[in-house]
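Participant: This is target_31.tsv (TSV, C-alpha atoms).
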```tsv
chain	number	residue	atom	x	y	z
P	11	ARG	CA	-12.89	7.54	-14.87
P	12	PRO	CA	-11.01	4.40	-15.88
P	13	HIS	CA	-12.57	1.37	-17.49
P	14	PRO	CA	-13.51	-1.30	-14.88
P	15	ARG	CA	-11.09	-3.78	-16.46
P	16	SER	CA	-8.25	-1.47	-15.43
P	17	TYR	CA	-8.73	-2.93	-11.96
P	18	GLY	CA	-10.03	-6.38	-12.85
P	19	THR	CA	-8.84	-7.77	-16.18
P	20	PHE	CA	-6.98	-10.81	-14.87
P	21	PRO	CA	-9.39	-11.56	-12.00
P	22	ARG	CA	-12.21	-11.50	-14.56
P	23	VAL	CA	-10.39	-14.02	-16.75
P	24	LEU	CA	-9.68	-16.28	-13.77
P	25	GLY	CA	-13.11	-16.00	-12.15
P	26	TYR	CA	-15.57	-15.57	-14.98
P	27	TYR	CA	-14.02	-17.06	-18.12
P	28	CYS	CA	-11.97	-19.81	-16.48
P	29	ARG	CA	-13.91	-20.87	-13.35
P	30	GLU	CA	-17.51	-20.03	-14.29
P	31	ARG	CA	-17.67	-20.34	-18.08
P	32	LYS	CA	-14.95	-23.05	-18.21
P	33	LEU	CA	-13.58	-21.74	-21.51
P	34	PHE	CA	-10.09	-22.95	-20.53
P	35	ASP	CA	-8.40	-24.54	-17.53
P	36	LEU	CA	-6.51	-22.66	-14.81
P	37	PRO	CA	-2.97	-23.53	-16.02
P	38	THR	CA	-3.84	-22.24	-19.50
P	39	ALA	CA	-5.26	-19.00	-18.06
P	40	VAL	CA	-2.20	-18.43	-15.90
P	41	ARG	CA	0.18	-19.11	-18.80
P	42	LYS	CA	-1.72	-16.63	-21.01
P	43	MET	CA	-1.20	-13.95	-18.33
P	44	THR	CA	2.41	-14.73	-17.39
P	45	ALA	CA	4.80	-16.84	-19.46
P	46	LEU	CA	3.26	-16.15	-22.87
P	47	PRO	CA	3.40	-12.32	-22.72
P	48	ALA	CA	6.87	-12.44	-21.11
P	49	GLU	CA	8.10	-14.64	-23.97
P	50	ARG	CA	6.56	-12.35	-26.60
P	51	ALA	CA	8.11	-9.29	-24.97
P	52	GLY	CA	11.53	-10.93	-24.75
P	53	LEU	CA	11.58	-10.83	-20.94
P	54	ARG	CA	13.51	-14.03	-20.26
P	55	ASP	CA	13.64	-13.59	-16.48
P	56	ARG	CA	9.85	-13.10	-16.07
P	57	GLY	CA	6.67	-15.12	-16.41
P	58	ARG	CA	7.84	-18.38	-14.84
P	59	ILE	CA	8.79	-19.69	-11.42
P	60	ALA	CA	12.35	-21.01	-11.45
P	61	ALA	CA	15.64	-20.49	-9.65
P	62	GLY	CA	17.43	-17.34	-10.77
P	63	LEU	CA	14.35	-15.64	-12.22
P	64	ALA	CA	12.67	-12.50	-10.88
P	65	ALA	CA	10.40	-13.19	-7.92
P	66	ASP	CA	7.11	-11.77	-9.21
P	67	LEU	CA	4.22	-13.79	-7.76
P	68	VAL	CA	0.48	-13.47	-7.22
P	69	ILE	CA	-1.09	-15.79	-4.66
P	70	PHE	CA	-4.84	-16.05	-5.19
P	71	ASP	CA	-7.78	-18.23	-4.19
P	72	SER	CA	-8.87	-19.82	-7.48
P	73	GLY	CA	-12.32	-20.57	-6.06
P	74	ARG	CA	-12.91	-16.98	-5.01
P	75	VAL	CA	-10.94	-14.63	-7.29
P	76	ALA	CA	-13.24	-12.20	-9.12
P	77	ASP	CA	-13.35	-8.66	-10.39
P	78	THR	CA	-15.61	-6.26	-8.51
P	79	ALA	CA	-15.19	-3.05	-10.53
P	80	THR	CA	-18.24	-1.73	-12.38
P	81	PHE	CA	-18.82	1.18	-14.74
P	82	ASP	CA	-20.44	3.06	-11.83
P	83	ASP	CA	-17.54	2.22	-9.48
P	84	PRO	CA	-14.55	1.40	-11.72
P	85	GLN	CA	-11.81	1.66	-9.06
P	86	ARG	CA	-12.83	-1.30	-6.88
P	87	PHE	CA	-10.12	-3.86	-6.24
P	88	PRO	CA	-10.77	-7.53	-7.02
P	89	ILE	CA	-11.40	-10.16	-4.36
P	90	GLY	CA	-9.51	-13.40	-3.82
P	91	ILE	CA	-6.00	-12.02	-4.31
P	92	GLU	CA	-4.22	-12.61	-1.02
P	93	HIS	CA	-0.59	-11.72	-1.76
P	94	VAL	CA	1.39	-10.00	-4.52
P	95	ILE	CA	5.18	-10.12	-4.56
P	96	VAL	CA	7.19	-7.91	-6.94
P	97	ASN	CA	10.96	-8.38	-7.20
P	98	GLY	CA	10.78	-10.48	-4.03
P	99	VAL	CA	9.02	-7.73	-2.01
P	100	ALA	CA	5.41	-7.98	-0.80
P	101	VAL	CA	3.18	-5.24	-2.23
P	102	VAL	CA	-0.06	-6.92	-1.11
P	103	GLU	CA	-0.20	-8.91	2.14
P	104	LYS	CA	-3.38	-10.61	3.36
P	105	ALA	CA	-5.36	-8.72	0.67
P	106	ASN	CA	-4.08	-5.31	1.90
P	107	THR	CA	-1.67	-3.11	-0.04
P	108	THR	CA	1.67	-2.19	1.51
P	109	GLN	CA	3.68	0.96	0.95
P	110	ALA	CA	6.41	-0.96	-0.94
P	111	ARG	CA	7.02	0.01	-4.57
P	112	PRO	CA	9.78	-2.35	-5.79
P	113	GLY	CA	8.73	-2.34	-9.46
P	114	ARG	CA	10.98	-1.01	-12.19
P	115	TRP	CA	10.96	-0.45	-15.95
P	116	LEU	CA	11.86	-3.58	-17.89
P	117	ARG	CA	13.83	-3.87	-21.11
P	118	ARG	CA	14.03	-6.75	-23.50
P	119	LEU	CA	17.06	-8.93	-22.81
```
Could you quickly redo this structure as structure tokens?
Facilitator:
Amino acid sequence: RPHPRSYGTFPRVLGYYCRERKLFDLPTAVRKMTALPAERAGLRDRGRIAAGLAADLVIFDSGRVADTATFDDPQRFPIGIEHVIVNGVAVVEKANTTQARPGRWLRRL
């Protein structure tokens, strides 16, 4: 049985720590989950939205996003995540997973 944060780490940060507890603003939370780790890992084409970079996007409702996994039911998906695009291909559409698997292993550039 996985830990509940396996399914809800980032939604928990966005919903609980950012929106509810107001420990930091939304742009700071998003940067801590995207650009900052990409920079640290040396992934220059990830973590930001700009022409010529990889098209990895998560479209979420900032007023609704939340983790739903518990220790009793650790494999519950979060709510409020409407679309996920990996390498320009939709893997979640209208909150439903697709069969697409466009991810790949990444190496430092």
Participant: Write out as a compact mmCIF listing (two decimals) with C-alpha atoms, in the coordinates of the input each polymer residue whose atoms come within 12 Å of region 101-115 of chain P, counting all atoms listed in the file; drop sequence neighbours fewer than 3 positions from it.
Facilitator:
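What ended up in selection.txt:
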```txt
# COMPACT_ATOMS: atom_id res chain seq x y z
CA LEU P 53 11.58 -10.83 -20.94
CA ALA P 64 12.67 -12.50 -10.88
CA ALA P 65 10.40 -13.19 -7.92
CA ASP P 66 7.11 -11.77 -9.21
CA LEU P 67 4.22 -13.79 -7.76
CA VAL P 68 0.48 -13.47 -7.22
CA ILE P 69 -1.09 -15.79 -4.66
CA PHE P 70 -4.84 -16.05 -5.19
CA ASP P 71 -7.78 -18.23 -4.19
CA VAL P 75 -10.94 -14.63 -7.29
CA PHE P 87 -10.12 -3.86 -6.24
CA PRO P 88 -10.77 -7.53 -7.02
CA ILE P 89 -11.40 -10.16 -4.36
CA GLY P 90 -9.51 -13.40 -3.82
CA ILE P 91 -6.00 -12.02 -4.31
CA GLU P 92 -4.22 -12.61 -1.02
CA HIS P 93 -0.59 -11.72 -1.76
CA VAL P 94 1.39 -10.00 -4.52
CA ILE P 95 5.18 -10.12 -4.56
CA VAL P 96 7.19 -7.91 -6.94
CA ASN P 97 10.96 -8.38 -7.20
CA GLY P 98 10.78 -10.48 -4.03
CA ARG P 118 14.03 -6.75 -23.50
```
Participant: Provide the CA of Pro12 (chain P) to CA of Gly52 (chain P) distance in Å, to one decimal place.
Facilitator: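 That distance, rounded to one decimal, is 28.7 Å.
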Participant: Hey, which of P:His13, P:Glu30, P:Arg86, P:Phe20 ends up closest to Gly73 (chain P)? Count only C-alpha atoms.
Facilitator: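 Checking each candidate against Gly73 (chain P), we get P:Glu30 as the closest.
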Participant: May I ask for the distance between CA of Pro14 (chain P) and CA of Gln85 (chain P), given in Å to one decimal place?
Facilitator: 6.7 Å
Participant: Which is closest to Thr19 (chain P) among P:Met43, P:Ala60, P:Arg50, P:Phe81, if we use only C-alpha atoms?
Facilitator: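 Among the listed residues, P:Met43 lies closest to Thr19 (chain P).
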Participant: Which residues are close to Gly18 (chain P), i.e. within 7 Å by all atoms listed in the file, leaving aside same-chain residues fewer than 3 positions away? Reply as an mmCIF file with C-alpha atoms, in the coordinates of the input.
Facilitator:
```cif
data_model
loop_
_atom_site.group_PDB
_atom_site.id
_atom_site.type_symbol
_atom_site.label_atom_id
_atom_site.label_comp_id
_atom_site.auth_asym_id
_atom_site.auth_seq_id
_atom_site.Cartn_x
_atom_site.Cartn_y
_atom_site.Cartn_z
ATOM 1 C CA PRO P 14 -13.510 -1.300 -14.880
ATOM 2 C CA ARG P 15 -11.090 -3.780 -16.460
ATOM 3 C CA PRO P 21 -9.390 -11.560 -12.000
ATOM 4 C CA ARG P 22 -12.210 -11.500 -14.560
ATOM 5 C CA ASP P 77 -13.350 -8.660 -10.390
ATOM 6 C CA ALA P 79 -15.190 -3.050 -10.530
ATOM 7 C CA PRO P 88 -10.770 -7.530 -7.020
#
```
Participant: Between CA of Val40 (chain P) and CA of Leu116 (chain P), measure the distance and give it in Å to one decimal.
Facilitator: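 Separation of CA of Val40 (chain P) and CA of Leu116 (chain P): 20.5 Å.
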Participant: Which of these residues is nearest to Arg56 (chain P), using all atoms listed in the file: P:Ala100, P:Ser16, P:Val23, P:Arg117?
Facilitator: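 Going through P:Ala100, P:Ser16, P:Val23, P:Arg117 one by one, the smallest distance to Arg56 (chain P) is for P:Arg117.
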